[in-house]
Structures are given as C-alpha cells and as structure tokens.
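S.K.: My structure is stored as input19.pdb, with PDB, C-alpha atoms, pLDDT in the B column.
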ATOM      1  CA  MET A   1     -18.543  66.215  10.924  1.00 53.00           C
ATOM      2  CA  ARG A   2     -14.790  65.962  11.060  1.00 54.00           C
ATOM      3  CA  TYR A   3     -15.002  63.012  13.484  1.00 54.00           C
ATOM      4  CA  ALA A   4     -17.457  61.142  11.198  1.00 55.00           C
ATOM      5  CA  THR A   5     -15.245  61.677   8.146  1.00 56.00           C
ATOM      6  CA  SER A   6     -12.121  60.410   9.898  1.00 57.00           C
ATOM      7  CA  THR A   7     -14.047  57.403  11.280  1.00 60.00           C
ATOM      8  CA  LEU A   8     -15.398  56.620   7.822  1.00 53.00           C
ATOM      9  CA  LEU A   9     -11.940  57.037   6.310  1.00 56.00           C
ATOM     10  CA  GLY A  10     -10.479  54.730   8.978  1.00 56.00           C
ATOM     11  CA  LEU A  11     -13.109  52.058   8.293  1.00 56.00           C
ATOM     12  CA  LEU A  12     -12.482  52.282   4.538  1.00 55.00           C
ATOM     13  CA  CYS A  13      -8.722  51.868   5.104  1.00 58.00           C
ATOM     14  CA  LEU A  14      -9.347  48.875   7.342  1.00 56.00           C
ATOM     15  CA  LEU A  15     -11.639  47.357   4.722  1.00 53.00           C
ATOM     16  CA  LEU A  16      -9.080  47.887   1.957  1.00 54.00           C
ATOM     17  CA  VAL A  17      -6.283  46.377   4.034  1.00 57.00           C
ATOM     18  CA  SER A  18      -8.324  43.316   5.002  1.00 58.00           C
ATOM     19  CA  VAL A  19      -9.546  42.724   1.444  1.00 56.00           C
ATOM     20  CA  GLY A  20      -6.130  43.404  -0.051  1.00 55.00           C
ATOM     21  CA  CYS A  21      -4.261  41.017   2.265  1.00 52.00           C
ATOM     22  CA  LYS A  22      -3.971  37.522   0.891  1.00 52.00           C
ATOM     23  CA  LYS A  23      -4.733  34.964   3.530  1.00 52.00           C
ATOM     24  CA  GLU A  24      -2.510  31.890   3.729  1.00 57.00           C
ATOM     25  CA  ASP A  25      -4.438  29.064   2.091  1.00 62.00           C
ATOM     26  CA  ALA A  26      -4.865  25.908   4.086  1.00 66.00           C
ATOM     27  CA  PRO A  27      -2.886  22.966   2.646  1.00 71.00           C
ATOM     28  CA  VAL A  28      -4.920  21.216  -0.023  1.00 80.00           C
ATOM     29  CA  PRO A  29      -5.225  17.484   0.656  1.00 90.00           C
ATOM     30  CA  VAL A  30      -4.852  15.076  -2.235  1.00 95.00           C
ATOM     31  CA  SER A  31      -5.730  11.362  -2.241  1.00 96.00           C
ATOM     32  CA  PHE A  32      -4.123   8.831  -4.557  1.00 97.00           C
ATOM     33  CA  ASP A  33      -3.292   5.137  -4.906  1.00 98.00           C
ATOM     34  CA  VAL A  34       0.212   3.695  -4.682  1.00 97.00           C
ATOM     35  CA  GLU A  35       0.692   0.339  -6.431  1.00 98.00           C
ATOM     36  CA  ASP A  36       3.585  -1.976  -5.646  1.00 97.00           C
ATOM     37  CA  SER A  37       4.211  -5.494  -6.924  1.00 97.00           C
ATOM     38  CA  TRP A  38       6.045  -8.691  -6.030  1.00 96.00           C
ATOM     39  CA  GLN A  39       6.602 -11.956  -7.859  1.00 95.00           C
ATOM     40  CA  ALA A  40       8.073 -15.365  -7.149  1.00 93.00           C
ATOM     41  CA  LEU A  41       8.438 -18.818  -8.631  1.00 90.00           C
ATOM     42  CA  VAL A  42       7.444 -21.548  -6.178  1.00 87.00           C
ATOM     43  CA  GLU A  43       8.406 -25.204  -6.594  1.00 84.00           C
ATOM     44  CA  LEU A  44       5.554 -27.538  -5.634  1.00 81.00           C
ATOM     45  CA  ASN A  45       7.237 -30.922  -5.598  1.00 78.00           C
ATOM     46  CA  PRO A  46       5.814 -34.009  -3.818  1.00 78.00           C
ATOM     47  CA  TYR A  47       8.545 -33.763  -1.176  1.00 79.00           C
ATOM     48  CA  ALA A  48       7.860 -30.114  -0.295  1.00 74.00           C
ATOM     49  CA  PRO A  49       6.415 -29.476   3.173  1.00 79.00           C
ATOM     50  CA  THR A  50       2.707 -28.682   3.301  1.00 85.00           C
ATOM     51  CA  THR A  51       3.507 -25.366   4.988  1.00 89.00           C
ATOM     52  CA  MET A  52       6.223 -23.077   3.715  1.00 90.00           C
ATOM     53  CA  TYR A  53       7.552 -19.598   4.185  1.00 92.00           C
ATOM     54  CA  LEU A  54       8.840 -18.097   0.990  1.00 93.00           C
ATOM     55  CA  PRO A  55      12.029 -16.062   1.392  1.00 93.00           C
ATOM     56  CA  ALA A  56      11.540 -12.600   2.846  1.00 94.00           C
ATOM     57  CA  GLN A  57      11.826  -9.980   0.154  1.00 96.00           C
ATOM     58  CA  ARG A  58      12.288  -6.222   0.279  1.00 96.00           C
ATOM     59  CA  ILE A  59       9.833  -4.310  -1.900  1.00 96.00           C
ATOM     60  CA  TYR A  60      10.920  -0.884  -3.062  1.00 96.00           C
ATOM     61  CA  SER A  61       7.756   1.188  -3.105  1.00 96.00           C
ATOM     62  CA  THR A  62       6.645   3.407  -5.961  1.00 97.00           C
ATOM     63  CA  CYS A  63       5.315   5.865  -3.374  1.00 96.00           C
ATOM     64  CA  ALA A  64       7.900   8.630  -4.006  1.00 96.00           C
ATOM     65  CA  VAL A  65       7.223   8.595  -7.759  1.00 96.00           C
ATOM     66  CA  THR A  66       3.461   8.529  -7.219  1.00 97.00           C
ATOM     67  CA  CYS A  67       3.714  11.426  -4.752  1.00 96.00           C
ATOM     68  CA  SER A  68       5.673  13.445  -7.309  1.00 95.00           C
ATOM     69  CA  ARG A  69       3.040  12.774  -9.992  1.00 96.00           C
ATOM     70  CA  ASN A  70       0.406  14.082  -7.556  1.00 95.00           C
ATOM     71  CA  GLU A  71       2.359  17.276  -6.795  1.00 94.00           C
ATOM     72  CA  THR A  72       3.376  16.266  -3.301  1.00 95.00           C
ATOM     73  CA  SER A  73       6.224  14.459  -1.562  1.00 95.00           C
ATOM     74  CA  ILE A  74       6.744  11.554   0.815  1.00 94.00           C
ATOM     75  CA  GLU A  75       7.322  14.061   3.637  1.00 94.00           C
ATOM     76  CA  LYS A  76       3.825  15.496   3.067  1.00 95.00           C
ATOM     77  CA  LEU A  77       2.065  12.108   3.483  1.00 96.00           C
ATOM     78  CA  GLN A  78      -0.623  12.319   6.157  1.00 96.00           C
ATOM     79  CA  SER A  79      -2.063   8.803   6.021  1.00 96.00           C
ATOM     80  CA  ALA A  80      -1.664   5.534   4.168  1.00 97.00           C
ATOM     81  CA  SER A  81      -3.574   2.278   4.370  1.00 97.00           C
ATOM     82  CA  LEU A  82      -3.547  -0.975   2.449  1.00 97.00           C
ATOM     83  CA  SER A  83      -6.693  -0.994   0.316  1.00 97.00           C
ATOM     84  CA  GLY A  84      -6.180  -4.163  -1.696  1.00 97.00           C
ATOM     85  CA  VAL A  85      -3.935  -7.172  -2.258  1.00 98.00           C
ATOM     86  CA  GLU A  86      -4.353  -9.378  -5.294  1.00 98.00           C
ATOM     87  CA  LEU A  87      -2.398 -12.592  -5.838  1.00 97.00           C
ATOM     88  CA  THR A  88      -2.368 -13.885  -9.414  1.00 96.00           C
ATOM     89  CA  LEU A  89      -1.157 -17.172 -10.807  1.00 91.00           C
ATOM     90  CA  LYS A  90       0.749 -16.385 -13.988  1.00 85.00           C
ATOM     91  CA  PRO A  91       0.881 -18.967 -16.765  1.00 74.00           C
ATOM     92  CA  SER A  92       2.927 -21.790 -15.327  1.00 72.00           C
ATOM     93  CA  GLN A  93       2.661 -25.523 -14.745  1.00 75.00           C
ATOM     94  CA  ALA A  94       0.028 -25.008 -12.031  1.00 75.00           C
ATOM     95  CA  PRO A  95      -3.276 -24.193 -13.808  1.00 85.00           C
ATOM     96  CA  ASN A  96      -5.002 -22.708 -10.728  1.00 89.00           C
ATOM     97  CA  PHE A  97      -4.717 -22.202  -6.963  1.00 92.00           C
ATOM     98  CA  ASP A  98      -6.249 -25.607  -6.110  1.00 89.00           C
ATOM     99  CA  PHE A  99      -2.891 -26.627  -4.595  1.00 88.00           C
ATOM    100  CA  LEU A 100      -3.260 -23.890  -1.955  1.00 91.00           C
ATOM    101  CA  GLN A 101      -5.124 -24.216   1.369  1.00 93.00           C
ATOM    102  CA  GLN A 102      -4.443 -20.694   2.670  1.00 96.00           C
ATOM    103  CA  VAL A 103      -2.039 -17.788   2.231  1.00 97.00           C
ATOM    104  CA  THR A 104      -0.761 -15.164   4.670  1.00 98.00           C
ATOM    105  CA  ILE A 105       1.566 -12.311   3.782  1.00 98.00           C
ATOM    106  CA  TYR A 106       3.604 -11.025   6.715  1.00 97.00           C
ATOM    107  CA  LEU A 107       5.086  -7.557   6.971  1.00 96.00           C
ATOM    108  CA  ILE A 108       8.449  -7.370   8.717  1.00 94.00           C
ATOM    109  CA  SER A 109       9.600  -4.126  10.321  1.00 88.00           C
ATOM    110  CA  GLU A 110      13.210  -2.944  10.249  1.00 85.00           C
ATOM    111  CA  GLN A 111      13.468  -4.153  13.869  1.00 88.00           C
ATOM    112  CA  GLY A 112      12.322  -7.645  12.831  1.00 88.00           C
ATOM    113  CA  ALA A 113       8.782  -7.507  14.255  1.00 91.00           C
ATOM    114  CA  GLN A 114       6.319  -9.484  12.145  1.00 94.00           C
ATOM    115  CA  SER A 115       2.637  -8.617  11.570  1.00 96.00           C
ATOM    116  CA  VAL A 116      -0.012  -9.847   9.138  1.00 97.00           C
ATOM    117  CA  LEU A 117      -0.212  -7.656   6.032  1.00 97.00           C
ATOM    118  CA  ALA A 118      -2.920  -9.650   4.212  1.00 98.00           C
ATOM    119  CA  SER A 119      -4.395 -13.143   4.277  1.00 98.00           C
ATOM    120  CA  LEU A 120      -6.974 -15.489   2.812  1.00 98.00           C
ATOM    121  CA  ASP A 121      -8.153 -18.578   4.710  1.00 95.00           C
ATOM    122  CA  GLN A 122     -10.494 -20.111   2.133  1.00 93.00           C
ATOM    123  CA  ILE A 123      -9.175 -20.520  -1.415  1.00 95.00           C
ATOM    124  CA  PRO A 124     -11.978 -20.809  -4.008  1.00 95.00           C
ATOM    125  CA  ALA A 125     -11.738 -23.860  -6.284  1.00 93.00           C
ATOM    126  CA  GLY A 126     -10.370 -23.188  -9.756  1.00 92.00           C
ATOM    127  CA  ALA A 127      -9.281 -19.618  -8.947  1.00 94.00           C
ATOM    128  CA  THR A 128      -6.358 -18.061 -10.820  1.00 93.00           C
ATOM    129  CA  THR A 129      -6.627 -14.726  -8.970  1.00 96.00           C
ATOM    130  CA  LEU A 130      -7.123 -14.296  -5.223  1.00 97.00           C
ATOM    131  CA  THR A 131      -8.201 -11.150  -3.384  1.00 98.00           C
ATOM    132  CA  LEU A 132      -6.629 -11.201   0.073  1.00 98.00           C
ATOM    133  CA  LYS A 133      -8.038  -9.454   3.141  1.00 98.00           C
ATOM    134  CA  PRO A 134      -5.715  -6.500   3.910  1.00 97.00           C
ATOM    135  CA  THR A 135      -4.633  -5.341   7.354  1.00 96.00           C
ATOM    136  CA  ASP A 136      -6.198  -2.229   8.833  1.00 95.00           C
ATOM    137  CA  GLN A 137      -2.933  -1.004  10.405  1.00 94.00           C
ATOM    138  CA  SER A 138      -1.448   2.280   9.170  1.00 95.00           C
ATOM    139  CA  MET A 139       1.113   1.870   6.398  1.00 96.00           C
ATOM    140  CA  LEU A 140       2.410   5.433   6.660  1.00 95.00           C
ATOM    141  CA  ALA A 141       5.784   4.566   8.240  1.00 92.00           C
ATOM    142  CA  PHE A 142       6.466   1.797   5.701  1.00 93.00           C
ATOM    143  CA  LEU A 143       5.695   3.978   2.674  1.00 94.00           C
ATOM    144  CA  ARG A 144       7.655   6.926   4.071  1.00 93.00           C
ATOM    145  CA  ASN A 145      10.631   4.583   4.488  1.00 92.00           C
ATOM    146  CA  GLY A 146      10.614   3.891   0.741  1.00 93.00           C
ATOM    147  CA  SER A 147      10.689   0.112   1.131  1.00 94.00           C
ATOM    148  CA  TYR A 148       9.236  -2.667   3.246  1.00 95.00           C
ATOM    149  CA  ILE A 149       9.844  -6.378   3.717  1.00 96.00           C
ATOM    150  CA  ILE A 150       7.254  -9.071   3.128  1.00 97.00           C
ATOM    151  CA  LYS A 151       7.387 -12.769   3.941  1.00 97.00           C
ATOM    152  CA  PRO A 152       4.693 -14.941   2.298  1.00 97.00           C
ATOM    153  CA  TYR A 153       3.454 -18.045   4.094  1.00 96.00           C
ATOM    154  CA  LEU A 154       1.681 -20.772   2.109  1.00 94.00           C
ATOM    155  CA  GLU A 155      -0.254 -23.729   3.404  1.00 93.00           C
ATOM    156  CA  LEU A 156      -0.538 -26.340   0.651  1.00 90.00           C
ATOM    157  CA  LYS A 157      -3.273 -28.929   0.179  1.00 86.00           C
ATOM    158  CA  ALA A 158      -1.109 -31.385  -1.696  1.00 72.00           C
ATOM    159  CA  PRO A 159       2.192 -30.602  -3.371  1.00 66.00           C
ATOM    160  CA  THR A 160       2.444 -31.750  -6.980  1.00 73.00           C
ATOM    161  CA  GLN A 161       5.256 -32.011  -9.481  1.00 71.00           C
ATOM    162  CA  SER A 162       5.075 -28.449 -10.807  1.00 81.00           C
ATOM    163  CA  PHE A 163       6.005 -24.811 -10.409  1.00 84.00           C
ATOM    164  CA  ALA A 164       3.737 -21.890  -9.639  1.00 86.00           C
ATOM    165  CA  SER A 165       4.567 -18.399 -10.856  1.00 90.00           C
ATOM    166  CA  LEU A 166       2.975 -15.953  -8.407  1.00 93.00           C
ATOM    167  CA  GLN A 167       2.497 -12.228  -8.827  1.00 95.00           C
ATOM    168  CA  MET A 168       1.106  -9.963  -6.129  1.00 97.00           C
ATOM    169  CA  LYS A 169      -0.163  -6.407  -6.520  1.00 97.00           C
ATOM    170  CA  LEU A 170      -0.443  -4.272  -3.397  1.00 98.00           C
ATOM    171  CA  ARG A 171      -2.581  -1.141  -3.536  1.00 98.00           C
ATOM    172  CA  PHE A 172      -2.267   1.544  -0.864  1.00 97.00           C
ATOM    173  CA  ARG A 173      -4.617   4.499  -0.413  1.00 97.00           C
ATOM    174  CA  ALA A 174      -2.577   7.553   0.552  1.00 97.00           C
ATOM    175  CA  GLN A 175      -3.460  11.092   1.490  1.00 97.00           C
ATOM    176  CA  ALA A 176      -1.012  13.993   1.502  1.00 96.00           C
ATOM    177  CA  HIS A 177      -0.878  17.775   1.370  1.00 94.00           C
ATOM    178  CA  LYS A 178       0.074  19.325  -1.969  1.00 90.00           C
ATOM    179  CA  LEU A 179       3.385  21.145  -2.225  1.00 82.00           C
TER     180      LEU A 179
END
Have the structure of the file written as structure tokens, please.

M.R.:
Amino acid sequence: MRYATSTLLGLLCLLLVSVGCKKEDAPVPVSFDVEDSWQALVELNPYAPTTMYLPAQRIYSTCAVTCSRNETSIEKLQSASLSGVELTLKPSQAPNFDFLQQVTIYLISEQGAQSVLASLDQIPAGATTLTLKPTDQSMLAFLRNGSYIIKPYLELKAPTQSFASLQMKLRFRAQAHKL
C-alpha cells in the first residue's frame, strides 16, 4: 500500500510539473507586403537612341518600417520575393506607352553584378500602366541590406518630341518571425 501511494504521489508530481511548465512557443511566422517606388522623367526627343539605359538609381526600401509595423525586424526576415512590378505613365506629354517597344529593369548588386529584376516584351497599345513580369530570384539579401540599385532599360519604337514621367511600384512578399 505504501509503494502504491508513493508511486501515485510521484506520478501526480510529474503531472503537475509537466502541466505547470510553460513550453517555449515556436516563433510565429508573419507574412506581409513591402512596397517601394521609383520615378523618373525621360526625354523622348527625335535624336534619342532607340535603346537607352536610364541612370542607375539606389532605392531605399521601406522594408525596415514595414517589418516594425508587423512586429518583427529585418534580422527576422526568412524569405522575400518580388510579387509585382507596375510601371505607370504619369500625366506628361506622352499620353500612353505607345512609344515603348519593351522594358527591362535590371537589379545591380553591391559587387556590380547585373540580373533581370522585371521585364515586359510586348507593350499593349494605348496602355498607361504596365504590369511587368517579376524575377523569381530571392530578394532577401537586397531587402535586408536596406537598399538596392536598379537600372531601367527601354527599347523605343520611335522617339518623339516629348517627355515621359514614369513611376514604378515594386511589391515584395516577405515572411518573418515575430519578435
């Protein structure tokens, strides 16, 4: 009887200890979108070449701010991919993208390596907004860095005597662990 009581008491203690101990929760993943933007004014004069690289430009990402709003930090990012790129023609002398044959946006690493970030080979007639095909490469290193460099390449159908005001929105899908 004494053995059974001590065994029962031992099991009850073990049960209380295991129930009373708080287990470390696994990190909770959170998914969110990071939106960055870029804009430029492009001169489309009759003497312009039919292919042109616009000047490379550093984009300072809103990733750190977006992480903070989602109760995480850049260091907790687990993955990031480009989910959408939209190029819009703002009110300017060019009424639509009919002057454009194709567009490619290059991403330039800190070491100078160049890769395609997004592109569109066929420009629809009369379009004022273009949805480019994004790369499938991981964007984690670029967003963790806080900035990245892009270099737009335009192939023109026929330059005209006008200016085009371009605005690009880049949307990244990120996943991180909460703080």

S.K.: Taking into account only C-alpha atoms, which residue in the set A:Ile74, A:Leu107, A:Ala164, A:Cys67 is nearest to Gln39 of chain A?

M.R.: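 Among A:Ile74, A:Leu107, A:Ala164, A:Cys67, it is A:Ala164 that comes nearest to Gln39 of chain A.
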
S.K.: Go through the shown structure with the PyMOL selection byres ((chain A and resi 121-138) around 12) and write out the matching residues as a VMD selection string.

M.R.: chain A and resid 77 to 92 94 to 107 115 to 120 139 to 144 153 to 157 164 to 175

S.K.: Mind pulling up the distance from atom CA of Leu179 of chain A to atom CA of Cys63 of chain A?

M.R.: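 If I compute the distance from atom CA of Cys63 of chain A to atom CA of Leu179 of chain A, I get 15.4 Å.
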
S.K.: Provide the atom CA of Val28 of chain A to atom CA of Glu75 of chain A distance in Å, to one decimal place.

M.R.: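 Taking atom CA of Val28 of chain A as the start and atom CA of Glu75 of chain A as the end point, the length is 14.6 Å.
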
S.K.: The centre and edge lengths of an axis-aligned box containing all atoms of segment 116-124 of chain A present in the file, extended by 5 Å on each side, are to be given in Å to one decimal, as AutoDock Vina command-line options.

M.R.:
--center_x -6.0 --center_y -14.2 --center_z 2.6 --size_x 22.0 --size_y 23.2 --size_z 23.1

S.K.: Can you tell me which residues surround Pro29 of chain A at a distance of at most 7 Å, considering all atoms listed in the file, apart from same-chain residues fewer than 4 positions away, and format the answer as a list of chain:residue names?

M.R.: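 Contacts, in chain order: A:Gln175, A:Ala176, A:His177, A:Lys178.
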
S.K.: In file coordinates, which residues lie within 9 Å of (11.4, -13.9, 1.9) using all atoms listed in the file, given as an mmCIF file with C-alpha atoms, in the frame of the given file?

M.R.:
data_model
loop_
_atom_site.group_PDB
_atom_site.id
_atom_site.type_symbol
_atom_site.label_atom_id
_atom_site.label_comp_id
_atom_site.auth_asym_id
_atom_site.auth_seq_id
_atom_site.Cartn_x
_atom_site.Cartn_y
_atom_site.Cartn_z
ATOM 1 C CA TYR A 53 7.552 -19.598 4.185
ATOM 2 C CA LEU A 54 8.840 -18.097 0.990
ATOM 3 C CA PRO A 55 12.029 -16.062 1.392
ATOM 4 C CA ALA A 56 11.540 -12.600 2.846
ATOM 5 C CA GLN A 57 11.826 -9.980 0.154
ATOM 6 C CA ARG A 58 12.288 -6.222 0.279
ATOM 7 C CA ILE A 149 9.844 -6.378 3.717
ATOM 8 C CA ILE A 150 7.254 -9.071 3.128
ATOM 9 C CA LYS A 151 7.387 -12.769 3.941
ATOM 10 C CA PRO A 152 4.693 -14.941 2.298
#

S.K.: Quick one: which residues end up in the PyMOL selection byres ((chain A and resi 47) around 10) for this structure, as a list in words?

M.R.: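 So the PyMOL selection byres ((chain A and resi 47) around 10), applied here, picks out Leu44, Asn45, Pro46, Ala48, Pro49, Thr50, Ala158, Pro159, Thr160 and Gln161 of chain A.
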
S.K.: Go through A:Gln93, A:Trp38, A:Phe163, A:Lys76 and flag the residue nearest Ser61 of chain A, using all atoms listed in the file for the distances.

M.R.: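 For Ser61 of chain A, the nearest of the given residues is A:Trp38.
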
S.K.: State, in Å with one decimal place, the distance from atom CA of Ser147 of chain A to atom CA of Thr72 of chain A.

M.R.: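 One can read the atom CA of Ser147 of chain A to atom CA of Thr72 of chain A distance as 18.3 Å.
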